[in-house]
$ cat model24.cif   # mmCIF, C-alpha atoms
data_coords
loop_
_atom_site.group_PDB
_atom_site.id
_atom_site.type_symbol
_atom_site.label_atom_id
_atom_site.label_comp_id
_atom_site.auth_asym_id
_atom_site.auth_seq_id
_atom_site.Cartn_x
_atom_site.Cartn_y
_atom_site.Cartn_z
ATOM 1 C CA MET G 1 0.000 0.000 0.000
ATOM 2 C CA THR G 2 1.314 3.453 -0.946
ATOM 3 C CA ARG G 3 2.494 5.540 2.014
ATOM 4 C CA LEU G 4 2.385 9.308 1.577
ATOM 5 C CA ALA G 5 3.987 11.876 3.854
ATOM 6 C CA LEU G 6 2.041 15.131 4.025
ATOM 7 C CA VAL G 7 4.070 17.973 5.536
ATOM 8 C CA HIS G 8 2.116 20.987 6.776
ATOM 9 C CA ALA G 9 3.102 24.468 7.986
ATOM 10 C CA LEU G 10 -0.495 25.533 8.642
ATOM 11 C CA ALA G 11 -3.014 23.542 10.648
ATOM 12 C CA HIS G 12 -5.705 24.570 8.179
ATOM 13 C CA SER G 13 -3.941 22.629 5.415
ATOM 14 C CA VAL G 14 -4.386 19.257 7.095
ATOM 15 C CA GLY G 15 -8.112 18.834 6.518
ATOM 16 C CA PRO G 16 -8.367 19.712 2.818
ATOM 17 C CA ILE G 17 -5.680 17.313 1.563
ATOM 18 C CA ASN G 18 -6.826 14.491 3.822
ATOM 19 C CA ASP G 19 -10.408 14.975 2.667
ATOM 20 C CA ALA G 20 -9.308 14.928 -0.979
ATOM 21 C CA LEU G 21 -7.246 11.784 -0.518
ATOM 22 C CA ALA G 22 -10.050 10.052 1.367
ATOM 23 C CA ARG G 23 -12.369 10.892 -1.518
ATOM 24 C CA ASP G 24 -10.112 10.293 -4.514
ATOM 25 C CA TRP G 25 -7.404 7.887 -3.296
ATOM 26 C CA PRO G 26 -8.651 6.127 -0.156
ATOM 27 C CA GLU G 27 -6.180 3.265 -0.539
ATOM 28 C CA ALA G 28 -3.199 5.540 0.130
ATOM 29 C CA ARG G 29 -1.828 5.518 3.683
ATOM 30 C CA ARG G 30 -1.393 9.044 4.980
ATOM 31 C CA MET G 31 1.285 10.305 7.358
ATOM 32 C CA ASN G 32 0.695 13.892 8.519
ATOM 33 C CA LEU G 33 3.559 15.987 9.850
ATOM 34 C CA LEU G 34 2.527 19.415 11.164
ATOM 35 C CA ASP G 35 4.865 22.174 12.322
ATOM 36 C CA ASP G 36 2.795 25.343 12.418
ATOM 37 C CA SER G 37 5.760 27.316 13.746
ATOM 38 C CA LEU G 38 7.218 27.244 10.222
ATOM 39 C CA SER G 39 4.725 29.740 8.846
ATOM 40 C CA ALA G 40 4.792 31.892 11.969
ATOM 41 C CA ASP G 41 8.586 32.001 11.973
ATOM 42 C CA LEU G 42 8.735 32.855 8.279
ATOM 43 C CA ALA G 43 6.225 35.680 8.675
ATOM 44 C CA ALA G 44 8.266 37.139 11.547
ATOM 45 C CA SER G 45 11.742 36.634 10.090
ATOM 46 C CA PRO G 46 13.590 39.430 8.273
ATOM 47 C CA ALA G 47 15.924 36.763 6.847
ATOM 48 C CA GLY G 48 13.145 35.020 4.942
ATOM 49 C CA LEU G 49 13.914 31.545 3.605
ATOM 50 C CA ASP G 50 17.397 31.208 5.050
ATOM 51 C CA ASP G 51 19.598 28.158 5.576
ATOM 52 C CA ALA G 52 18.139 27.495 9.005
ATOM 53 C CA MET G 53 14.650 27.184 7.493
ATOM 54 C CA THR G 54 15.961 24.886 4.770
ATOM 55 C CA GLN G 55 17.540 22.631 7.393
ATOM 56 C CA ARG G 56 14.206 22.324 9.164
ATOM 57 C CA PHE G 57 12.580 21.148 5.948
ATOM 58 C CA LEU G 58 15.358 18.658 5.302
ATOM 59 C CA ALA G 59 14.938 17.278 8.821
ATOM 60 C CA LEU G 60 11.200 16.794 8.308
ATOM 61 C CA ALA G 61 11.786 15.053 4.973
ATOM 62 C CA ASP G 62 14.498 12.819 6.411
ATOM 63 C CA TYR G 63 12.137 11.754 9.171
ATOM 64 C CA ALA G 64 9.343 11.012 6.680
ATOM 65 C CA VAL G 65 11.640 8.862 4.547
ATOM 66 C CA SER G 66 12.950 7.016 7.610
ATOM 67 C CA ALA G 67 9.338 6.216 8.499
ATOM 68 C CA GLY G 68 8.745 4.580 5.122
ATOM 69 C CA ALA G 69 7.231 7.370 3.037
ATOM 70 C CA GLN G 70 7.207 6.571 -0.690
ATOM 71 C CA ALA G 71 6.389 10.151 -1.649
ATOM 72 C CA ILE G 72 6.328 13.533 0.083
ATOM 73 C CA LEU G 73 3.817 16.274 -0.533
ATOM 74 C CA PHE G 74 4.450 19.643 1.073
ATOM 75 C CA THR G 75 1.268 21.611 1.627
ATOM 76 C CA CYS G 76 2.960 24.907 2.512
ATOM 77 C CA SER G 77 3.117 27.186 -0.507
ATOM 78 C CA ALA G 78 5.575 29.841 0.717
ATOM 79 C CA PHE G 79 8.633 27.580 1.020
ATOM 80 C CA GLY G 80 9.604 26.737 -2.557
ATOM 81 C CA PRO G 81 13.420 26.954 -2.233
ATOM 82 C CA CYS G 82 13.360 24.804 0.912
ATOM 83 C CA ILE G 83 11.363 22.145 -0.900
ATOM 84 C CA ASP G 84 13.796 22.285 -3.826
ATOM 85 C CA ALA G 85 16.520 21.304 -1.356
ATOM 86 C CA VAL G 86 14.434 18.306 -0.288
ATOM 87 C CA LYS G 87 13.961 17.319 -3.938
ATOM 88 C CA ARG G 88 17.736 17.294 -4.412
ATOM 89 C CA ARG G 89 18.377 15.208 -1.299
ATOM 90 C CA HIS G 90 15.614 12.697 -1.997
ATOM 91 C CA ALA G 91 15.771 12.599 -5.774
ATOM 92 C CA ALA G 92 14.705 8.948 -5.891
ATOM 93 C CA LEU G 93 11.275 9.779 -4.445
ATOM 94 C CA PRO G 94 8.407 11.850 -5.796
ATOM 95 C CA VAL G 95 8.647 15.093 -3.824
ATOM 96 C CA LEU G 96 5.955 17.606 -4.729
ATOM 97 C CA LYS G 97 5.744 21.252 -3.995
ATOM 98 C CA PRO G 98 2.169 22.090 -3.064
ATOM 99 C CA ASN G 99 1.734 24.209 -6.158
ATOM 100 C CA GLU G 100 3.544 22.490 -8.993
ATOM 101 C CA ALA G 101 0.700 20.274 -10.193
ATOM 102 C CA MET G 102 -1.745 23.186 -10.075
ATOM 103 C CA VAL G 103 0.709 25.439 -11.916
ATOM 104 C CA ASP G 104 0.933 22.890 -14.733
ATOM 105 C CA GLU G 105 -2.848 22.598 -14.940
ATOM 106 C CA ALA G 106 -3.377 26.365 -14.786
ATOM 107 C CA VAL G 107 -0.917 26.992 -17.625
ATOM 108 C CA ALA G 108 -2.529 24.336 -19.804
ATOM 109 C CA LEU G 109 -6.048 25.543 -19.045
ATOM 110 C CA ALA G 110 -5.196 29.189 -19.725
ATOM 111 C CA ALA G 111 -3.731 28.259 -23.093
ATOM 112 C CA ALA G 112 -6.700 26.051 -23.993
ATOM 113 C CA ARG G 113 -9.216 28.767 -23.161
ATOM 114 C CA SER G 114 -7.664 31.312 -25.469
ATOM 115 C CA GLY G 115 -6.600 29.477 -28.600
ATOM 116 C CA PRO G 116 -3.176 30.531 -29.875
ATOM 117 C CA GLY G 117 -2.522 32.953 -27.016
ATOM 118 C CA SER G 118 -3.229 32.627 -23.331
ATOM 119 C CA VAL G 119 -5.582 34.323 -20.939
ATOM 120 C CA PRO G 120 -4.157 35.756 -17.709
ATOM 121 C CA VAL G 121 -4.054 33.450 -14.703
ATOM 122 C CA GLY G 122 -5.195 34.886 -11.386
ATOM 123 C CA LEU G 123 -3.414 33.697 -8.251
ATOM 124 C CA VAL G 124 -5.178 34.174 -4.905
ATOM 125 C CA ALA G 125 -3.461 33.748 -1.525
ATOM 126 C CA THR G 126 -4.303 34.511 2.094
ATOM 127 C CA PHE G 127 -0.679 34.353 3.351
ATOM 128 C CA GLY G 128 1.439 37.250 2.103
ATOM 129 C CA PRO G 129 4.788 35.416 1.722
ATOM 130 C CA THR G 130 3.132 33.006 -0.701
ATOM 131 C CA LEU G 131 2.812 35.813 -3.242
ATOM 132 C CA GLN G 132 6.508 36.571 -2.854
ATOM 133 C CA SER G 133 7.739 33.046 -3.586
ATOM 134 C CA MET G 134 5.110 31.318 -5.706
ATOM 135 C CA PRO G 135 5.014 33.491 -8.876
ATOM 136 C CA ALA G 136 8.514 32.270 -9.751
ATOM 137 C CA GLU G 137 7.072 28.765 -10.099
ATOM 138 C CA PHE G 138 5.070 29.830 -13.166
ATOM 139 C CA PRO G 139 6.697 29.925 -16.605
ATOM 140 C CA PRO G 140 7.897 33.458 -17.468
ATOM 141 C CA ALA G 141 5.577 33.629 -20.473
ATOM 142 C CA VAL G 142 2.444 33.283 -18.317
ATOM 143 C CA ASP G 143 0.508 36.470 -17.679
ATOM 144 C CA LEU G 144 0.141 36.018 -13.926
ATOM 145 C CA ARG G 145 -1.812 38.427 -11.751
ATOM 146 C CA CYS G 146 -1.899 38.133 -7.982
ATOM 147 C CA ALA G 147 -4.262 39.141 -5.216
ATOM 148 C CA LEU G 148 -3.999 38.824 -1.459
ATOM 149 C CA ALA G 149 -7.265 38.091 0.319
ATOM 150 C CA GLU G 150 -6.470 40.338 3.252
ATOM 151 C CA GLY G 151 -8.046 39.287 6.521
ATOM 152 C CA ALA G 152 -9.134 35.881 5.238
ATOM 153 C CA LEU G 153 -6.549 33.842 7.124
ATOM 154 C CA ASP G 154 -7.278 35.712 10.345
ATOM 155 C CA ALA G 155 -10.964 34.977 9.847
ATOM 156 C CA LEU G 156 -10.242 31.279 9.411
ATOM 157 C CA ASN G 157 -7.980 31.291 12.463
ATOM 158 C CA HIS G 158 -10.889 32.709 14.473
ATOM 159 C CA GLY G 159 -13.367 30.145 13.205
ATOM 160 C CA ASP G 160 -15.177 32.355 10.698
ATOM 161 C CA ALA G 161 -14.929 30.115 7.646
ATOM 162 C CA ALA G 162 -17.732 31.913 5.802
ATOM 163 C CA ARG G 163 -15.879 35.244 5.978
ATOM 164 C CA HIS G 164 -12.667 33.535 4.858
ATOM 165 C CA ASP G 165 -14.423 32.157 1.785
ATOM 166 C CA ALA G 166 -16.117 35.468 1.000
ATOM 167 C CA LEU G 167 -12.853 37.400 1.193
ATOM 168 C CA ALA G 168 -11.194 34.829 -1.066
ATOM 169 C CA ALA G 169 -14.026 35.262 -3.554
ATOM 170 C CA ASP G 170 -13.654 39.052 -3.386
ATOM 171 C CA ALA G 171 -9.950 38.755 -4.253
ATOM 172 C CA ALA G 172 -10.667 36.342 -7.098
ATOM 173 C CA ALA G 173 -13.409 38.589 -8.470
ATOM 174 C CA ARG G 174 -10.956 41.501 -8.630
ATOM 175 C CA LEU G 175 -8.672 39.354 -10.751
ATOM 176 C CA VAL G 176 -11.487 38.284 -13.063
ATOM 177 C CA ASP G 177 -12.487 41.922 -13.458
ATOM 178 C CA ALA G 178 -8.853 42.561 -14.496
ATOM 179 C CA GLY G 179 -9.139 39.969 -17.271
ATOM 180 C CA CYS G 180 -8.125 36.676 -15.693
ATOM 181 C CA GLY G 181 -9.770 33.648 -17.246
ATOM 182 C CA VAL G 182 -8.491 31.066 -14.745
ATOM 183 C CA ILE G 183 -8.250 31.354 -10.966
ATOM 184 C CA ALA G 184 -5.663 29.392 -8.996
ATOM 185 C CA LEU G 185 -6.127 29.176 -5.218
ATOM 186 C CA ALA G 186 -2.579 29.187 -3.913
ATOM 187 C CA GLN G 187 -2.887 27.418 -0.556
ATOM 188 C CA PHE G 188 -4.317 24.142 0.651
ATOM 189 C CA SER G 189 -6.294 26.049 3.259
ATOM 190 C CA LEU G 190 -8.020 27.911 0.401
ATOM 191 C CA ALA G 191 -9.437 24.751 -1.172
ATOM 192 C CA ARG G 192 -12.533 25.004 1.009
ATOM 193 C CA ALA G 193 -13.407 28.296 -0.709
ATOM 194 C CA ARG G 194 -13.551 26.829 -4.201
ATOM 195 C CA PRO G 195 -17.378 26.542 -4.477
ATOM 196 C CA VAL G 196 -17.865 30.143 -3.326
ATOM 197 C CA VAL G 197 -15.159 31.434 -5.671
ATOM 198 C CA GLU G 198 -16.601 29.506 -8.627
ATOM 199 C CA ALA G 199 -20.107 30.796 -7.971
ATOM 200 C CA ARG G 200 -18.849 34.371 -7.685
ATOM 201 C CA CYS G 201 -16.443 34.397 -10.639
ATOM 202 C CA GLY G 202 -17.836 32.109 -13.335
ATOM 203 C CA VAL G 203 -14.395 30.935 -14.534
ATOM 204 C CA PRO G 204 -12.468 27.695 -13.899
ATOM 205 C CA VAL G 205 -11.036 27.540 -10.376
ATOM 206 C CA LEU G 206 -8.131 25.243 -9.552
ATOM 207 C CA THR G 207 -6.989 24.165 -6.112
ATOM 208 C CA THR G 208 -3.601 22.905 -5.031
ATOM 209 C CA VAL G 209 -5.325 20.029 -3.242
ATOM 210 C CA ASP G 210 -7.087 18.404 -6.179
ATOM 211 C CA SER G 211 -4.220 19.014 -8.598
ATOM 212 C CA ALA G 212 -1.725 17.482 -6.156
ATOM 213 C CA VAL G 213 -3.764 14.321 -5.649
ATOM 214 C CA ARG G 214 -4.049 13.810 -9.399
ATOM 215 C CA ALA G 215 -0.308 14.307 -9.833
ATOM 216 C CA LEU G 216 0.645 11.936 -6.998
ATOM 217 C CA ARG G 217 -1.587 9.172 -8.324
ATOM 218 C CA ALA G 218 -0.113 9.567 -11.793
ATOM 219 C CA ARG G 219 3.475 9.426 -10.524
ATOM 220 C CA LEU G 220 3.039 6.513 -8.162
ATOM 221 C CA LEU G 221 0.460 4.389 -9.958
ATOM 222 C CA GLY G 222 1.146 5.320 -13.569
#
$ encode --input "model24.cif" --output "structure tokens"
Amino acid sequence: MTRLALVHALAHSVGPINDALARDWPEARRMNLLDDSLSADLAASPAGLDDAMTQRFLALADYAVSAGAQAILFTCSAFGPCIDAVKRRHAALPVLKPNEAMVDEAVALAAARSGPGSVPVGLVATFGPTLQSMPAEFPPAVDLRCALAEGALDALNHGDAARHDALAADAAARLVDAGCGVIALAQFSLARARPVVEARCGVPVLTTVDSAVRALRARLLG
């Protein structure tokens, strides 16, 4: 049976990916590793993604592999360079950034919706550092436009999920008004807002959660 390590930097990321796997790949065994100090420390650090942060990610990955993980999925979207270091150390295993499968799908969908050109892709996040690191994961030719759903993460932290979803939809709607034809929800914690965003915006909405599950199944099962 396939054993997956899911590494989280936000507690809100745990539920969405586990729900998606239970729905779409129930046979997979899930191993959840949560260190919610990662996101808090990054937000407070003037050094950003420094070597100390990278070492923490390597330690988590080493532990997951020692426990028998056959693949590692990171659900924290603001730590791309740290995850790249894990990919290099554990090159024999599928190691996925939270966003890479969704980025691939967003690029393909944007191109398909516009014929020979491509429509702009709108990227919505609730955690500011995500919008500093994640745009570099898109191909340079993509017309990427970003929006921060300010206050949404605080709302979710205080148990107001409806406000979180509404603020995410507001941010996505601003991007659609600016011409975006595809919306990408940048964090696993945002996956819960997908129905509200779709209803508000009327364009395809991708989540890191669903894209990641599809990619993991393809890599491990063929």
$ resolve_selection --input "model24.cif" --expression "the PyMOL selection byres ((chain G and resi 176) around 10)" --output "list of chain:residue names"
G:Pro120, G:Val121, G:Gly122, G:Arg145, G:Asp170, G:Ala171, G:Ala172, G:Ala173, G:Arg174, G:Leu175, G:Asp177, G:Ala178, G:Gly179, G:Cys180, G:Gly181, G:Val182, G:Ile183, G:Arg200, G:Cys201, G:Gly202, G:Val203
$ resolve_selection --input "model24.cif" --expression "the PyMOL selection byres ((chain G and resi 10-12) around 9)" --output "PyMOL selection string"
chain G and resi 8-9+13-16+34-40+75-76+156-157+188-190
$ resolve_selection --input "model24.cif" --expression "the PyMOL selection byres ((chain G and resi 168) around 8)" --output "MDAnalysis selection string"
chainID G and resid 124:126 149 152 164:167 169:172 190 193 197
$ atom_distance --input "model24.cif" --atom1 "CA of Pro135 (chain G)" --atom2 "CA of Leu123 (chain G)"
8.5 Å
$ atom_distance --input "model24.cif" --atom1 "CA of Leu60 (chain G)" --atom2 "CA of Leu73 (chain G)"
11.5 Å
$ residues_around --input "model24.cif" --residues "Pro139 (chain G)" --least-positions-apart "2" --cutoff "12 Å" --atoms "all atoms listed in the file" --output "ChimeraX atom specification"
/G:100,103-104,106-108,121,134-137,141-144
$ residues_around --input "model24.cif" --residues "Phe57 (chain G)" --least-positions-apart "5" --cutoff "8 Å" --atoms "all atoms listed in the file" --output "short mmCIF file (atom, residue, chain, number, x, y, z; two decimals) with C-alpha atoms, in the frame of the given file"
data_model
loop_
_atom_site.label_atom_id
_atom_site.label_comp_id
_atom_site.auth_asym_id
_atom_site.auth_seq_id
_atom_site.Cartn_x
_atom_site.Cartn_y
_atom_site.Cartn_z
CA CYS G 82 13.36 24.80 0.91
CA ILE G 83 11.36 22.14 -0.90
CA VAL G 86 14.43 18.31 -0.29
#
$ closest_residue --input "model24.cif" --among "G:Thr2, G:Thr130, G:Ser211, G:Ser66" --to "Ala28 (chain G)" --atoms "only C-alpha atoms"
G:Thr2
$ residues_around --input "model24.cif" --residues "Arg3 (chain G)" --least-positions-apart "4" --cutoff "9 Å" --atoms "all atoms listed in the file" --output "PDB file with C-alpha atoms, keeping the file's coordinate frame"
ATOM      1  CA  ALA G  28      -3.199   5.540   0.130  1.00  0.00           C
ATOM      2  CA  ARG G  29      -1.828   5.518   3.683  1.00  0.00           C
ATOM      3  CA  ARG G  30      -1.393   9.044   4.980  1.00  0.00           C
ATOM      4  CA  MET G  31       1.285  10.305   7.358  1.00  0.00           C
ATOM      5  CA  GLY G  68       8.745   4.580   5.122  1.00  0.00           C
ATOM      6  CA  ALA G  69       7.231   7.370   3.037  1.00  0.00           C
ATOM      7  CA  GLN G  70       7.207   6.571  -0.690  1.00  0.00           C
ATOM      8  CA  ALA G  71       6.389  10.151  -1.649  1.00  0.00           C
TER       9      ALA G  71
END
$ closest_residue --input "model24.cif" --among "G:Arg89, G:Arg113, G:Arg56, G:Lys97" --to "Ala215 (chain G)" --atoms "all atoms listed in the file"
G:Lys97
$ atom_distance --input "model24.cif" --atom1 "CA of Gly222 (chain G)" --atom2 "CA of Ala64 (chain G)"
22.6 Å
$ build_atoms --input "model24.cif" --residues "region 150-161 of chain G" --atoms "all heavy atoms" --output "PDB file, in the coordinates of the input"
ATOM      1  N   GLU G 150      -6.847  39.812   1.942  1.00  0.00           N
ATOM      2  CA  GLU G 150      -6.470  40.338   3.252  1.00  0.00           C
ATOM      3  C   GLU G 150      -7.557  40.055   4.285  1.00  0.00           C
ATOM      4  O   GLU G 150      -8.745  40.258   4.036  1.00  0.00           O
ATOM      5  CB  GLU G 150      -6.212  41.835   3.155  1.00  0.00           C
ATOM      6  CG  GLU G 150      -5.000  42.181   2.309  1.00  0.00           C
ATOM      7  CD  GLU G 150      -4.623  43.645   2.416  1.00  0.00           C
ATOM      8  OE1 GLU G 150      -4.805  44.219   3.515  1.00  0.00           O
ATOM      9  OE2 GLU G 150      -4.161  44.212   1.414  1.00  0.00           O
ATOM     10  N   GLY G 151      -7.124  39.580   5.431  1.00  0.00           N
ATOM     11  CA  GLY G 151      -8.046  39.287   6.521  1.00  0.00           C
ATOM     12  C   GLY G 151      -8.646  37.904   6.475  1.00  0.00           C
ATOM     13  O   GLY G 151      -9.239  37.454   7.466  1.00  0.00           O
ATOM     14  N   ALA G 152      -8.485  37.192   5.365  1.00  0.00           N
ATOM     15  CA  ALA G 152      -9.134  35.881   5.238  1.00  0.00           C
ATOM     16  C   ALA G 152      -8.517  34.854   6.182  1.00  0.00           C
ATOM     17  O   ALA G 152      -9.235  34.085   6.835  1.00  0.00           O
ATOM     18  CB  ALA G 152      -9.058  35.397   3.792  1.00  0.00           C
ATOM     19  N   LEU G 153      -7.188  34.826   6.256  1.00  0.00           N
ATOM     20  CA  LEU G 153      -6.549  33.842   7.124  1.00  0.00           C
ATOM     21  C   LEU G 153      -6.861  34.119   8.585  1.00  0.00           C
ATOM     22  O   LEU G 153      -7.100  33.191   9.372  1.00  0.00           O
ATOM     23  CB  LEU G 153      -5.040  33.834   6.878  1.00  0.00           C
ATOM     24  CG  LEU G 153      -4.261  32.691   7.536  1.00  0.00           C
ATOM     25  CD1 LEU G 153      -4.815  31.336   7.132  1.00  0.00           C
ATOM     26  CD2 LEU G 153      -2.782  32.792   7.177  1.00  0.00           C
ATOM     27  N   ASP G 154      -6.895  35.378   8.965  1.00  0.00           N
ATOM     28  CA  ASP G 154      -7.278  35.712  10.345  1.00  0.00           C
ATOM     29  C   ASP G 154      -8.700  35.247  10.633  1.00  0.00           C
ATOM     30  O   ASP G 154      -8.987  34.733  11.729  1.00  0.00           O
ATOM     31  CB  ASP G 154      -7.183  37.221  10.571  1.00  0.00           C
ATOM     32  CG  ASP G 154      -5.752  37.700  10.743  1.00  0.00           C
ATOM     33  OD1 ASP G 154      -4.874  36.860  11.017  1.00  0.00           O
ATOM     34  OD2 ASP G 154      -5.514  38.913  10.593  1.00  0.00           O
ATOM     35  N   ALA G 155      -9.588  35.429   9.656  1.00  0.00           N
ATOM     36  CA  ALA G 155     -10.964  34.977   9.847  1.00  0.00           C
ATOM     37  C   ALA G 155     -11.017  33.471  10.068  1.00  0.00           C
ATOM     38  O   ALA G 155     -11.732  32.980  10.959  1.00  0.00           O
ATOM     39  CB  ALA G 155     -11.813  35.366   8.636  1.00  0.00           C
ATOM     40  N   LEU G 156     -10.255  32.732   9.262  1.00  0.00           N
ATOM     41  CA  LEU G 156     -10.242  31.279   9.411  1.00  0.00           C
ATOM     42  C   LEU G 156      -9.650  30.883  10.754  1.00  0.00           C
ATOM     43  O   LEU G 156     -10.150  29.970  11.430  1.00  0.00           O
ATOM     44  CB  LEU G 156      -9.443  30.659   8.263  1.00  0.00           C
ATOM     45  CG  LEU G 156      -9.622  29.160   8.030  1.00  0.00           C
ATOM     46  CD1 LEU G 156     -11.070  28.815   7.720  1.00  0.00           C
ATOM     47  CD2 LEU G 156      -8.715  28.694   6.893  1.00  0.00           C
ATOM     48  N   ASN G 157      -8.600  31.581  11.164  1.00  0.00           N
ATOM     49  CA  ASN G 157      -7.980  31.291  12.463  1.00  0.00           C
ATOM     50  C   ASN G 157      -8.941  31.514  13.623  1.00  0.00           C
ATOM     51  O   ASN G 157      -8.803  30.890  14.679  1.00  0.00           O
ATOM     52  CB  ASN G 157      -6.746  32.168  12.666  1.00  0.00           C
ATOM     53  CG  ASN G 157      -5.573  31.731  11.804  1.00  0.00           C
ATOM     54  OD1 ASN G 157      -5.496  30.576  11.385  1.00  0.00           O
ATOM     55  ND2 ASN G 157      -4.663  32.655  11.528  1.00  0.00           N
ATOM     56  N   HIS G 158      -9.914  32.420  13.419  1.00  0.00           N
ATOM     57  CA  HIS G 158     -10.889  32.709  14.473  1.00  0.00           C
ATOM     58  C   HIS G 158     -12.209  31.974  14.268  1.00  0.00           C
ATOM     59  O   HIS G 158     -13.212  32.288  14.895  1.00  0.00           O
ATOM     60  CB  HIS G 158     -11.132  34.219  14.548  1.00  0.00           C
ATOM     61  CG  HIS G 158      -9.986  34.983  15.128  1.00  0.00           C
ATOM     62  ND1 HIS G 158      -8.945  35.463  14.359  1.00  0.00           N
ATOM     63  CD2 HIS G 158      -9.682  35.319  16.417  1.00  0.00           C
ATOM     64  CE1 HIS G 158      -8.071  36.074  15.141  1.00  0.00           C
ATOM     65  NE2 HIS G 158      -8.484  36.004  16.386  1.00  0.00           N
ATOM     66  N   GLY G 159     -12.202  30.995  13.381  1.00  0.00           N
ATOM     67  CA  GLY G 159     -13.367  30.145  13.205  1.00  0.00           C
ATOM     68  C   GLY G 159     -14.448  30.679  12.290  1.00  0.00           C
ATOM     69  O   GLY G 159     -15.526  30.088  12.209  1.00  0.00           O
ATOM     70  N   ASP G 160     -14.170  31.781  11.594  1.00  0.00           N
ATOM     71  CA  ASP G 160     -15.177  32.355  10.698  1.00  0.00           C
ATOM     72  C   ASP G 160     -14.882  31.920   9.257  1.00  0.00           C
ATOM     73  O   ASP G 160     -14.358  32.682   8.437  1.00  0.00           O
ATOM     74  CB  ASP G 160     -15.161  33.886  10.807  1.00  0.00           C
ATOM     75  CG  ASP G 160     -16.386  34.517  10.164  1.00  0.00           C
ATOM     76  OD1 ASP G 160     -17.083  33.832   9.385  1.00  0.00           O
ATOM     77  OD2 ASP G 160     -16.641  35.714  10.431  1.00  0.00           O
ATOM     78  N   ALA G 161     -15.233  30.678   8.959  1.00  0.00           N
ATOM     79  CA  ALA G 161     -14.929  30.115   7.646  1.00  0.00           C
ATOM     80  C   ALA G 161     -15.706  30.820   6.536  1.00  0.00           C
ATOM     81  O   ALA G 161     -15.199  30.989   5.424  1.00  0.00           O
ATOM     82  CB  ALA G 161     -15.242  28.621   7.637  1.00  0.00           C
TER      83      ALA G 161
END
